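Visitor: The file below is data15.cif, mmCIF, C-alpha atoms and all ligand atoms:
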data_protein
loop_
_atom_site.label_atom_id
_atom_site.label_comp_id
_atom_site.auth_asym_id
_atom_site.auth_seq_id
_atom_site.Cartn_x
_atom_site.Cartn_y
_atom_site.Cartn_z
CA MET E 1 -32.73 -15.94 -71.31
CA ASN E 2 -31.01 -14.65 -74.43
CA ASN E 3 -27.45 -16.01 -74.45
CA ASN E 4 -26.30 -14.14 -77.54
CA PRO E 5 -23.53 -11.65 -76.81
CA PRO E 6 -24.90 -8.14 -76.94
CA SER E 7 -24.10 -6.18 -80.06
CA GLY E 8 -21.77 -3.17 -80.04
CA LEU E 9 -18.86 -4.75 -78.14
CA PRO E 10 -16.35 -6.86 -80.08
CA GLU E 11 -17.04 -10.58 -79.68
CA ASN E 12 -13.63 -11.14 -78.15
CA ALA E 13 -13.96 -8.31 -75.60
CA PRO E 14 -12.56 -9.77 -72.34
CA PHE E 15 -15.82 -9.73 -70.36
CA SER E 16 -18.29 -12.33 -69.14
CA HIS E 17 -21.71 -12.41 -70.76
CA GLN E 18 -23.18 -10.73 -67.69
CA GLN E 19 -20.61 -7.94 -67.86
CA LYS E 20 -21.27 -7.46 -71.57
CA VAL E 21 -25.00 -7.12 -70.91
CA ALA E 22 -24.30 -4.51 -68.21
CA LEU E 23 -21.89 -2.58 -70.44
CA GLN E 24 -24.23 -2.72 -73.36
CA ALA E 25 -26.99 -1.26 -71.21
CA LEU E 26 -24.72 1.55 -70.00
CA LEU E 27 -22.70 2.57 -73.06
CA PRO E 28 -25.47 3.92 -75.30
CA SER E 29 -26.73 6.11 -72.45
CA LEU E 30 -23.43 8.00 -72.03
CA ASN E 31 -23.02 11.44 -73.51
CA ALA E 32 -19.67 12.57 -74.95
CA SER E 33 -18.39 14.25 -71.80
CA GLN E 34 -19.33 11.27 -69.61
CA ALA E 35 -17.52 8.91 -72.01
CA SER E 36 -14.49 11.19 -72.00
CA TRP E 37 -14.51 11.35 -68.18
CA LEU E 38 -14.60 7.56 -67.98
CA SER E 39 -11.73 7.22 -70.44
CA GLY E 40 -9.59 9.50 -68.26
CA PHE E 41 -10.66 7.63 -65.13
CA PHE E 42 -9.64 4.25 -66.57
CA ALA E 43 -6.40 5.69 -67.95
CA ALA E 44 -5.53 6.78 -64.42
CA ILE E 45 -6.34 3.33 -63.05
CA SER E 46 -4.27 1.59 -65.70
CA MET E 47 -1.32 3.87 -64.90
CA GLY E 48 -1.81 3.33 -61.17
CA THR E 49 -2.21 7.03 -60.50
CA ALA E 50 -4.89 9.30 -59.16
CA ALA E 51 -5.79 11.46 -62.14
CA GLY E 52 -7.54 14.80 -62.39
CA ASN E 53 -11.29 15.29 -62.03
CA GLY E 54 -10.92 14.90 -58.26
CA VAL E 55 -10.87 11.12 -58.47
CA GLY E 56 -8.61 9.44 -55.94
CA ALA E 57 -8.21 6.18 -57.79
CA ALA E 58 -6.04 3.44 -56.34
CA PRO E 59 -4.65 0.72 -58.59
CA VAL E 60 -7.36 -1.86 -59.14
CA ALA E 61 -7.05 -5.57 -59.88
CA VAL E 62 -9.14 -6.12 -62.99
CA GLY E 63 -9.16 -9.91 -63.15
CA HIS E 64 -7.75 -11.56 -66.25
CA ALA E 65 -4.74 -10.00 -67.95
CA PRO E 66 -5.62 -8.54 -71.32
CA THR E 67 -5.10 -10.82 -74.29
CA ALA E 68 -1.77 -10.52 -76.10
CA ALA E 69 -1.42 -7.16 -77.83
CA THR E 70 -2.03 -7.68 -81.52
CA ILE E 71 -3.09 -4.31 -82.90
CA PRO E 72 0.01 -2.47 -84.09
CA LEU E 73 0.40 1.20 -83.27
CA THR E 74 3.40 3.29 -84.25
CA ILE E 75 3.90 6.51 -82.32
CA LEU E 76 6.10 8.79 -84.39
CA VAL E 77 7.68 11.53 -82.30
CA GLY E 78 9.14 14.86 -83.38
CA THR E 79 10.65 16.74 -80.45
CA GLU E 80 13.24 19.38 -79.64
CA SER E 81 13.08 19.70 -75.86
CA GLY E 82 11.42 16.43 -74.86
CA ASN E 83 7.78 17.37 -74.22
CA SER E 84 6.52 15.28 -77.12
CA GLU E 85 8.54 12.37 -75.80
CA ILE E 86 6.76 12.64 -72.44
CA CYS E 87 3.42 12.59 -74.25
CA ALA E 88 4.52 9.59 -76.30
CA ALA E 89 5.50 7.66 -73.18
CA LYS E 90 2.08 8.38 -71.64
CA ALA E 91 0.30 7.44 -74.85
CA LYS E 92 2.31 4.23 -75.05
CA THR E 93 1.33 3.20 -71.52
CA ALA E 94 -2.34 3.88 -72.15
CA ALA E 95 -2.40 2.27 -75.59
CA ALA E 96 -0.57 -0.83 -74.37
CA ALA E 97 -3.12 -1.17 -71.56
CA ALA E 98 -5.85 -0.93 -74.20
CA GLY E 99 -4.36 -3.86 -76.13
CA PHE E 100 -2.10 -2.19 -78.69
CA ALA E 101 1.38 -3.38 -79.60
CA VAL E 102 3.11 -0.01 -79.45
CA ASN E 103 6.32 1.07 -81.12
CA VAL E 104 7.58 4.57 -80.30
CA VAL E 105 10.06 5.97 -82.85
CA ASP E 106 11.75 9.33 -83.12
CA MET E 107 11.26 10.88 -86.56
CA GLY E 108 15.03 11.20 -86.84
CA ASP E 109 15.41 7.41 -86.64
CA TYR E 110 12.34 6.38 -88.63
CA ASP E 111 12.72 4.13 -91.68
CA GLN E 112 10.62 5.94 -94.30
CA ASP E 113 10.07 2.71 -96.25
CA LYS E 114 7.85 1.51 -93.40
CA LEU E 115 5.38 4.36 -93.64
CA ALA E 116 3.05 2.90 -96.27
CA LYS E 117 2.80 -0.32 -94.23
CA GLU E 118 1.72 1.40 -91.01
CA GLU E 119 -1.80 0.41 -89.98
CA ASN E 120 -2.19 2.80 -87.04
CA LEU E 121 -0.07 5.88 -86.72
CA LEU E 122 -0.05 8.49 -83.98
CA VAL E 123 2.13 11.49 -84.80
CA ILE E 124 3.20 13.52 -81.77
CA VAL E 125 5.13 16.56 -82.90
CA SER E 126 5.99 20.05 -81.72
CA THR E 127 6.60 23.27 -83.67
CA TRP E 128 9.79 25.34 -83.39
CA GLY E 129 11.44 28.42 -84.84
CA GLU E 130 8.74 30.26 -86.71
CA GLY E 131 6.45 27.38 -87.58
CA GLU E 132 9.22 24.85 -88.27
CA PRO E 133 9.64 21.20 -87.33
CA PRO E 134 12.05 20.16 -84.58
CA GLN E 135 15.56 19.75 -86.00
CA ARG E 136 15.64 15.95 -85.90
CA ALA E 137 12.25 15.82 -87.60
CA GLN E 138 13.22 18.12 -90.47
CA ALA E 139 14.40 15.41 -92.91
CA PHE E 140 11.29 13.29 -92.39
CA TYR E 141 9.11 16.39 -92.71
CA ASP E 142 10.78 17.38 -96.00
CA TRP E 143 10.44 13.84 -97.34
CA ILE E 144 6.75 13.41 -96.48
CA MET E 145 5.89 16.82 -97.91
CA GLY E 146 7.71 15.99 -101.15
CA ASP E 147 6.78 14.10 -104.31
CA SER E 148 8.35 10.80 -103.27
CA ALA E 149 6.01 10.30 -100.29
CA PRO E 150 3.89 7.16 -100.81
CA LYS E 151 0.12 6.77 -100.90
CA LEU E 152 -1.13 5.80 -97.45
CA GLU E 153 -4.41 4.08 -98.13
CA LYS E 154 -3.91 1.41 -95.42
CA THR E 155 -3.02 3.85 -92.68
CA ARG E 156 -5.23 5.19 -89.91
CA PHE E 157 -3.73 8.18 -88.16
CA SER E 158 -4.10 10.98 -85.71
CA VAL E 159 -1.88 13.93 -84.89
CA PHE E 160 -1.15 15.24 -81.43
CA ALA E 161 0.44 18.65 -81.97
CA LEU E 162 2.42 20.54 -79.35
CA GLY E 163 2.89 24.26 -79.48
CA ASP E 164 2.44 27.56 -77.79
CA THR E 165 -0.38 29.96 -78.56
CA SER E 166 1.96 32.93 -78.18
CA TYR E 167 3.52 32.07 -81.56
CA ALA E 168 1.90 33.22 -84.79
CA ASP E 169 2.30 29.75 -86.30
CA PHE E 170 0.62 27.88 -83.48
CA CYS E 171 1.16 24.12 -83.89
CA LYS E 172 1.94 24.62 -87.60
CA CYS E 173 4.05 21.50 -87.89
CA GLY E 174 1.31 19.29 -86.41
CA LYS E 175 -1.25 20.93 -88.67
CA ASP E 176 0.99 20.31 -91.69
CA PHE E 177 1.37 16.61 -90.83
CA ASP E 178 -2.36 16.27 -90.26
CA GLN E 179 -3.17 17.75 -93.67
CA ARG E 180 -0.42 15.89 -95.53
CA LEU E 181 -1.30 12.46 -94.12
CA ALA E 182 -4.91 13.00 -95.17
CA ASP E 183 -3.80 14.19 -98.63
CA LEU E 184 -1.77 11.00 -99.04
CA GLY E 185 -4.92 8.96 -98.48
CA ALA E 186 -4.62 8.02 -94.79
CA THR E 187 -7.77 7.98 -92.65
CA ARG E 188 -8.10 10.01 -89.46
CA PHE E 189 -9.13 7.91 -86.46
CA ALA E 190 -9.52 11.10 -84.45
CA ASP E 191 -9.33 14.78 -85.19
CA ARG E 192 -6.07 16.56 -84.59
CA SER E 193 -5.53 17.62 -81.00
CA MET E 194 -3.32 20.43 -79.87
CA LEU E 195 -1.48 20.70 -76.60
CA THR E 196 -0.31 23.99 -75.19
CA SER E 197 2.32 24.52 -72.54
CA THR E 198 -0.41 24.51 -69.89
CA SER E 199 -1.59 21.10 -70.97
CA ILE E 200 1.95 19.82 -70.83
CA LEU E 201 2.19 20.92 -67.22
CA LEU E 202 -1.01 19.00 -66.56
CA LEU E 203 0.40 15.87 -68.16
CA ARG E 204 3.60 16.26 -66.19
CA SER E 205 1.69 16.41 -62.95
CA GLY E 206 -0.30 13.29 -63.76
CA GLY E 207 -3.31 14.92 -65.39
CA LYS E 208 -5.77 13.16 -67.59
CA LEU E 209 -4.32 11.56 -70.70
CA CYS E 210 -6.11 12.84 -73.75
CA CYS E 211 -4.86 10.19 -76.16
CA LEU E 212 -6.73 7.24 -74.76
CA GLY E 213 -10.05 8.40 -76.10
CA TRP E 214 -8.62 8.53 -79.60
CA LEU E 215 -7.45 4.96 -79.48
CA SER E 216 -10.61 3.30 -78.24
C1 LIG W 1 12.49 29.05 -79.76
C2 LIG W 1 11.09 28.46 -79.75
C3 LIG W 1 10.29 28.55 -80.86
C4 LIG W 1 8.98 28.05 -80.86
N1 LIG W 1 8.17 28.21 -81.97
C5 LIG W 1 6.89 27.81 -81.92
C6 LIG W 1 6.01 28.04 -83.04
O1 LIG W 1 6.37 28.61 -84.07
N2 LIG W 1 4.72 27.60 -82.93
C7 LIG W 1 4.26 26.96 -81.81
O2 LIG W 1 3.09 26.61 -81.79
N3 LIG W 1 5.08 26.72 -80.74
C8 LIG W 1 6.38 27.12 -80.77
N4 LIG W 1 7.19 26.88 -79.70
C9 LIG W 1 6.67 26.15 -78.52
C10 LIG W 1 7.02 24.65 -78.53
O3 LIG W 1 6.40 23.99 -79.61
C11 LIG W 1 6.51 24.04 -77.22
O4 LIG W 1 7.35 24.50 -76.18
C12 LIG W 1 6.50 22.53 -77.22
O5 LIG W 1 5.91 22.07 -76.03
C13 LIG W 1 7.86 21.92 -77.39
O6 LIG W 1 7.72 20.53 -77.49
P1 LIG W 1 9.00 19.58 -77.62
O7 LIG W 1 9.73 19.64 -76.31
O8 LIG W 1 8.45 18.21 -77.86
O9 LIG W 1 9.83 20.04 -78.75
C14 LIG W 1 8.49 27.38 -79.70
C15 LIG W 1 9.32 27.28 -78.57
C16 LIG W 1 10.59 27.81 -78.58
C17 LIG W 1 11.44 27.72 -77.33
#
With the file now loaded, output its structure as structure tokens.
Ligand SMILES: Cc1cc2nc3c(=O)[nH]c(=O)nc-3n(C[C@H](O)[C@H](O)[C@H](O)COP(=O)(O)O)c2cc1C
Guide:
Amino acid sequence: MNNNPPSGLPENAPFSHQQKVALQALLPSLNASQASWLSGFFAAISMGTAAGNGVGAAPVAVGHAPTAATIPLTILVGTESGNSEICAAKAKTAAAAAGFAVNVVDMGDYDQDKLAKEENLLVIVSTWGEGEPPQRAQAFYDWIMGDSAPKLEKTRFSVFALGDTSYADFCKCGKDFDQRLADLGATRFADRSMLTSTSILLLRSGGKLCCLGWLS
């Protein structure tokens, strides 16, 4: 029997050899929508809720606790009426379950000097007015768009933009952050996603969490 761990999974993935062999056999056969379905399914299990897709999932004991969270993830939130905060809390739960050490910070409280040191950054931000940032995010927005913003070559990022399609500048602030972070040299770990009011309602009622797929 070949006792080498199968390739494709990290060596320290918390599975027995037998489990790794089974996963390795399964993973390459999944198409994108099956992988996405599974990510939502496991997000629901880790949050102890029955998620969408008609799955009535009860909390499941998964054996060993995950190893101590060592991968840093900063979730930077720009919000006016709290929806982005709800998303950030959901993303934090899912990311922590996936082994990330998560720090959620409001843009209004963020220490700009830390930005260039961020390894993994998830920006969750809404758009207000006519394509403007939320009030508390305005100063950070102005700073990052300006000449004194640092190069971000060490940073991996993704943007989760909230908005409403009835506005001409749909998700403009999220789009601006997405473009600017890339222009400063940061690397996207997933394409920008945009949430509309309907998606927010889904999240509020325990719907599938979109972020998890980005973080895996
Ligand atoms: C007065 C007002 C102005 C808004 N302007 C925009 C806009 O220009 N573009 C957009 O995509 N959404 C716009 N929205 C929708 C918000 O971005 C959306 O409700 C979002 O979920 C709010 O998230 P938050 O609670 O995190 O701030 C606006 C909403 C209000 C009430």
Visitor: Counting all atoms listed in the file, give me one row per residue of chain E with an atom at most 9 Å from an atom of ligand LIG 1 (chain W), showing the shortest contact pair and its distance in Å to one decimal, sorted by chain then residue number, as a Markdown table.
Guide:
| residue | atom | partner | partner_atom | distance |
| --- | --- | --- | --- | --- |
| E:Val77 | CA | W:LIG1 | O8 | 8.1 |
| E:Gly78 | CA | W:LIG1 | O8 | 6.5 |
| E:Thr79 | CA | W:LIG1 | O8 | 3.7 |
| E:Glu80 | CA | W:LIG1 | O9 | 3.6 |
| E:Ser81 | CA | W:LIG1 | O7 | 3.4 |
| E:Gly82 | CA | W:LIG1 | O7 | 3.9 |
| E:Asn83 | CA | W:LIG1 | O7 | 3.7 |
| E:Ser84 | CA | W:LIG1 | O8 | 3.6 |
| E:Glu85 | CA | W:LIG1 | O8 | 6.2 |
| E:Ile86 | CA | W:LIG1 | O8 | 8.0 |
| E:Cys87 | CA | W:LIG1 | O8 | 8.4 |
| E:Ile124 | CA | W:LIG1 | O8 | 8.1 |
| E:Val125 | CA | W:LIG1 | O8 | 6.3 |
| E:Ser126 | CA | W:LIG1 | O3 | 4.5 |
| E:Thr127 | CA | W:LIG1 | O3 | 4.1 |
| E:Trp128 | CA | W:LIG1 | N1 | 3.6 |
| E:Gly129 | CA | W:LIG1 | C3 | 4.1 |
| E:Glu130 | CA | W:LIG1 | O1 | 3.9 |
| E:Gly131 | CA | W:LIG1 | O1 | 3.7 |
| E:Glu132 | CA | W:LIG1 | O1 | 6.3 |
| E:Pro133 | CA | W:LIG1 | O9 | 8.7 |
| E:Pro134 | CA | W:LIG1 | O9 | 6.2 |
| E:Ala161 | CA | W:LIG1 | O3 | 8.3 |
| E:Leu162 | CA | W:LIG1 | C12 | 5.0 |
| E:Gly163 | CA | W:LIG1 | O2 | 3.3 |
| E:Asp164 | CA | W:LIG1 | N3 | 4.0 |
| E:Thr165 | CA | W:LIG1 | O2 | 5.8 |
| E:Ser166 | CA | W:LIG1 | C7 | 7.4 |
| E:Tyr167 | CA | W:LIG1 | N2 | 4.8 |
| E:Ala168 | CA | W:LIG1 | O1 | 6.5 |
| E:Asp169 | CA | W:LIG1 | N2 | 4.7 |
| E:Phe170 | CA | W:LIG1 | O2 | 3.3 |
| E:Cys171 | CA | W:LIG1 | O2 | 3.8 |
| E:Lys172 | CA | W:LIG1 | N2 | 6.2 |
| E:Cys173 | CA | W:LIG1 | N2 | 7.9 |
| E:Gly174 | CA | W:LIG1 | O2 | 8.8 |
| E:Leu195 | CA | W:LIG1 | O5 | 7.5 |
| E:Thr196 | CA | W:LIG1 | O5 | 6.6 |
| E:Ser197 | CA | W:LIG1 | O5 | 5.6 |
| E:Ile200 | CA | W:LIG1 | O5 | 6.9 |
Visitor: The selected residues should be written to file as a PDB file, in the frame of the given file (atoms: C-alpha atoms).
Guide:
ATOM      1  CA  VAL E  77       7.680  11.530 -82.300  1.00  0.00           C
ATOM      2  CA  GLY E  78       9.140  14.860 -83.380  1.00  0.00           C
ATOM      3  CA  THR E  79      10.650  16.740 -80.450  1.00  0.00           C
ATOM      4  CA  GLU E  80      13.240  19.380 -79.640  1.00  0.00           C
ATOM      5  CA  SER E  81      13.080  19.700 -75.860  1.00  0.00           C
ATOM      6  CA  GLY E  82      11.420  16.430 -74.860  1.00  0.00           C
ATOM      7  CA  ASN E  83       7.780  17.370 -74.220  1.00  0.00           C
ATOM      8  CA  SER E  84       6.520  15.280 -77.120  1.00  0.00           C
ATOM      9  CA  GLU E  85       8.540  12.370 -75.800  1.00  0.00           C
ATOM     10  CA  ILE E  86       6.760  12.640 -72.440  1.00  0.00           C
ATOM     11  CA  CYS E  87       3.420  12.590 -74.250  1.00  0.00           C
ATOM     12  CA  ILE E 124       3.200  13.520 -81.770  1.00  0.00           C
ATOM     13  CA  VAL E 125       5.130  16.560 -82.900  1.00  0.00           C
ATOM     14  CA  SER E 126       5.990  20.050 -81.720  1.00  0.00           C
ATOM     15  CA  THR E 127       6.600  23.270 -83.670  1.00  0.00           C
ATOM     16  CA  TRP E 128       9.790  25.340 -83.390  1.00  0.00           C
ATOM     17  CA  GLY E 129      11.440  28.420 -84.840  1.00  0.00           C
ATOM     18  CA  GLU E 130       8.740  30.260 -86.710  1.00  0.00           C
ATOM     19  CA  GLY E 131       6.450  27.380 -87.580  1.00  0.00           C
ATOM     20  CA  GLU E 132       9.220  24.850 -88.270  1.00  0.00           C
ATOM     21  CA  PRO E 133       9.640  21.200 -87.330  1.00  0.00           C
ATOM     22  CA  PRO E 134      12.050  20.160 -84.580  1.00  0.00           C
ATOM     23  CA  ALA E 161       0.440  18.650 -81.970  1.00  0.00           C
ATOM     24  CA  LEU E 162       2.420  20.540 -79.350  1.00  0.00           C
ATOM     25  CA  GLY E 163       2.890  24.260 -79.480  1.00  0.00           C
ATOM     26  CA  ASP E 164       2.440  27.560 -77.790  1.00  0.00           C
ATOM     27  CA  THR E 165      -0.380  29.960 -78.560  1.00  0.00           C
ATOM     28  CA  SER E 166       1.960  32.930 -78.180  1.00  0.00           C
ATOM     29  CA  TYR E 167       3.520  32.070 -81.560  1.00  0.00           C
ATOM     30  CA  ALA E 168       1.900  33.220 -84.790  1.00  0.00           C
ATOM     31  CA  ASP E 169       2.300  29.750 -86.300  1.00  0.00           C
ATOM     32  CA  PHE E 170       0.620  27.880 -83.480  1.00  0.00           C
ATOM     33  CA  CYS E 171       1.160  24.120 -83.890  1.00  0.00           C
ATOM     34  CA  LYS E 172       1.940  24.620 -87.600  1.00  0.00           C
ATOM     35  CA  CYS E 173       4.050  21.500 -87.890  1.00  0.00           C
ATOM     36  CA  GLY E 174       1.310  19.290 -86.410  1.00  0.00           C
ATOM     37  CA  LEU E 195      -1.480  20.700 -76.600  1.00  0.00           C
ATOM     38  CA  THR E 196      -0.310  23.990 -75.190  1.00  0.00           C
ATOM     39  CA  SER E 197       2.320  24.520 -72.540  1.00  0.00           C
ATOM     40  CA  ILE E 200       1.950  19.820 -70.830  1.00  0.00           C
TER      41      ILE E 200
END
Visitor: Between atom CA of Ala94 of chain E and atom CA of Thr74 of chain E, what is the distance, to one decimal in Å?
Guide: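 We find that atom CA of Ala94 of chain E and atom CA of Thr74 of chain E lie 13.4 Å from each other.
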Visitor: As an exercise, work out the distance from atom CA of Phe100 of chain E to atom CA of Gln135 of chain E in Å and give it to one decimal place.
Guide: 29.1 Å
Visitor: What is the distance, in Å and to one decimal place, between atom CA of Ala13 of chain E and atom CA of Ser29 of chain E?
Guide: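 It comes out at 19.5 Å.
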Visitor: Please list as a PDB file with C-alpha atoms, keeping the file's coordinate frame every residue within 8 Å of Asn120 of chain E, counting all atoms listed in the file and excluding residues in the same chain fewer than 5 positions away.
Guide:
ATOM      1  CA  PRO E  72       0.010  -2.470 -84.090  1.00  0.00           C
ATOM      2  CA  LEU E  73       0.400   1.200 -83.270  1.00  0.00           C
ATOM      3  CA  THR E  74       3.400   3.290 -84.250  1.00  0.00           C
ATOM      4  CA  THR E 155      -3.020   3.850 -92.680  1.00  0.00           C
ATOM      5  CA  ARG E 156      -5.230   5.190 -89.910  1.00  0.00           C
ATOM      6  CA  PHE E 157      -3.730   8.180 -88.160  1.00  0.00           C
TER       7      PHE E 157
END
Visitor: May I have the residues within 10 Å of Met145 of chain E as a list in words, using all atoms listed in the file and disregarding those fewer than 5 positions away in the same chain?
Guide: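 These residues fall inside the cut-off: Ala139, Phe140, Asp176, Phe177, Arg180, Leu181 and Leu184 of chain E.
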Visitor: Have a look at E:Met107, E:Met194, E:Leu23, E:Leu9 and name the one nearest to Asp142 of chain E; count all atoms listed in the file.
Guide: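 Ranked by minimum distance to Asp142 of chain E, first place goes to E:Met107.
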Visitor: Hey, can you pull every residue with an atom no more than 10 Å from (7.3, 8.3, -91.4), using all atoms listed in the file, and send it as a list in words?
Guide: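 The residues that fall inside the cut-off are Thr74, Ile75, Leu76, Val77, Val105, Asp106, Met107, Gly108, Asp109, Tyr110, Asp111, Gln112, Asp113, Lys114, Leu115, Ala116, Glu118, Leu121, Val123, Ala137, Phe140, Tyr141, Trp143, Ile144, Ala149 and Leu181 of chain E.
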Visitor: Take the selection from the previous step and output its residues with C-alpha atoms, as an mmCIF file, in the coordinates of the input.
Guide:
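Contents of selection27.cif, as written:
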data_model
loop_
_atom_site.group_PDB
_atom_site.id
_atom_site.type_symbol
_atom_site.label_atom_id
_atom_site.label_comp_id
_atom_site.auth_asym_id
_atom_site.auth_seq_id
_atom_site.Cartn_x
_atom_site.Cartn_y
_atom_site.Cartn_z
ATOM 1 C CA THR E 74 3.400 3.290 -84.250
ATOM 2 C CA ILE E 75 3.900 6.510 -82.320
ATOM 3 C CA LEU E 76 6.100 8.790 -84.390
ATOM 4 C CA VAL E 77 7.680 11.530 -82.300
ATOM 5 C CA VAL E 105 10.060 5.970 -82.850
ATOM 6 C CA ASP E 106 11.750 9.330 -83.120
ATOM 7 C CA MET E 107 11.260 10.880 -86.560
ATOM 8 C CA GLY E 108 15.030 11.200 -86.840
ATOM 9 C CA ASP E 109 15.410 7.410 -86.640
ATOM 10 C CA TYR E 110 12.340 6.380 -88.630
ATOM 11 C CA ASP E 111 12.720 4.130 -91.680
ATOM 12 C CA GLN E 112 10.620 5.940 -94.300
ATOM 13 C CA ASP E 113 10.070 2.710 -96.250
ATOM 14 C CA LYS E 114 7.850 1.510 -93.400
ATOM 15 C CA LEU E 115 5.380 4.360 -93.640
ATOM 16 C CA ALA E 116 3.050 2.900 -96.270
ATOM 17 C CA GLU E 118 1.720 1.400 -91.010
ATOM 18 C CA LEU E 121 -0.070 5.880 -86.720
ATOM 19 C CA VAL E 123 2.130 11.490 -84.800
ATOM 20 C CA ALA E 137 12.250 15.820 -87.600
ATOM 21 C CA PHE E 140 11.290 13.290 -92.390
ATOM 22 C CA TYR E 141 9.110 16.390 -92.710
ATOM 23 C CA TRP E 143 10.440 13.840 -97.340
ATOM 24 C CA ILE E 144 6.750 13.410 -96.480
ATOM 25 C CA ALA E 149 6.010 10.300 -100.290
ATOM 26 C CA LEU E 181 -1.300 12.460 -94.120
#
Visitor: Report the centre and edge lengths, in Å to one decimal, of an axis-aligned box enclosing every atom of segment 187-206 of chain E listed in the file, padded by 4 Å on each side, as AutoDock Vina command-line options.
Guide:
--center_x -3.0 --center_y 16.2 --center_z -77.8 --size_x 21.1 --size_y 24.6 --size_z 37.7
Visitor: Between E:Leu152, E:Leu27, E:Ile71, E:Ala186, which residue has the minimum interatomic distance to Ala96 of chain E, considering all atoms listed in the file?
Guide: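 Looking at the shortest contact to Ala96 of chain E, the residue is E:Ile71.
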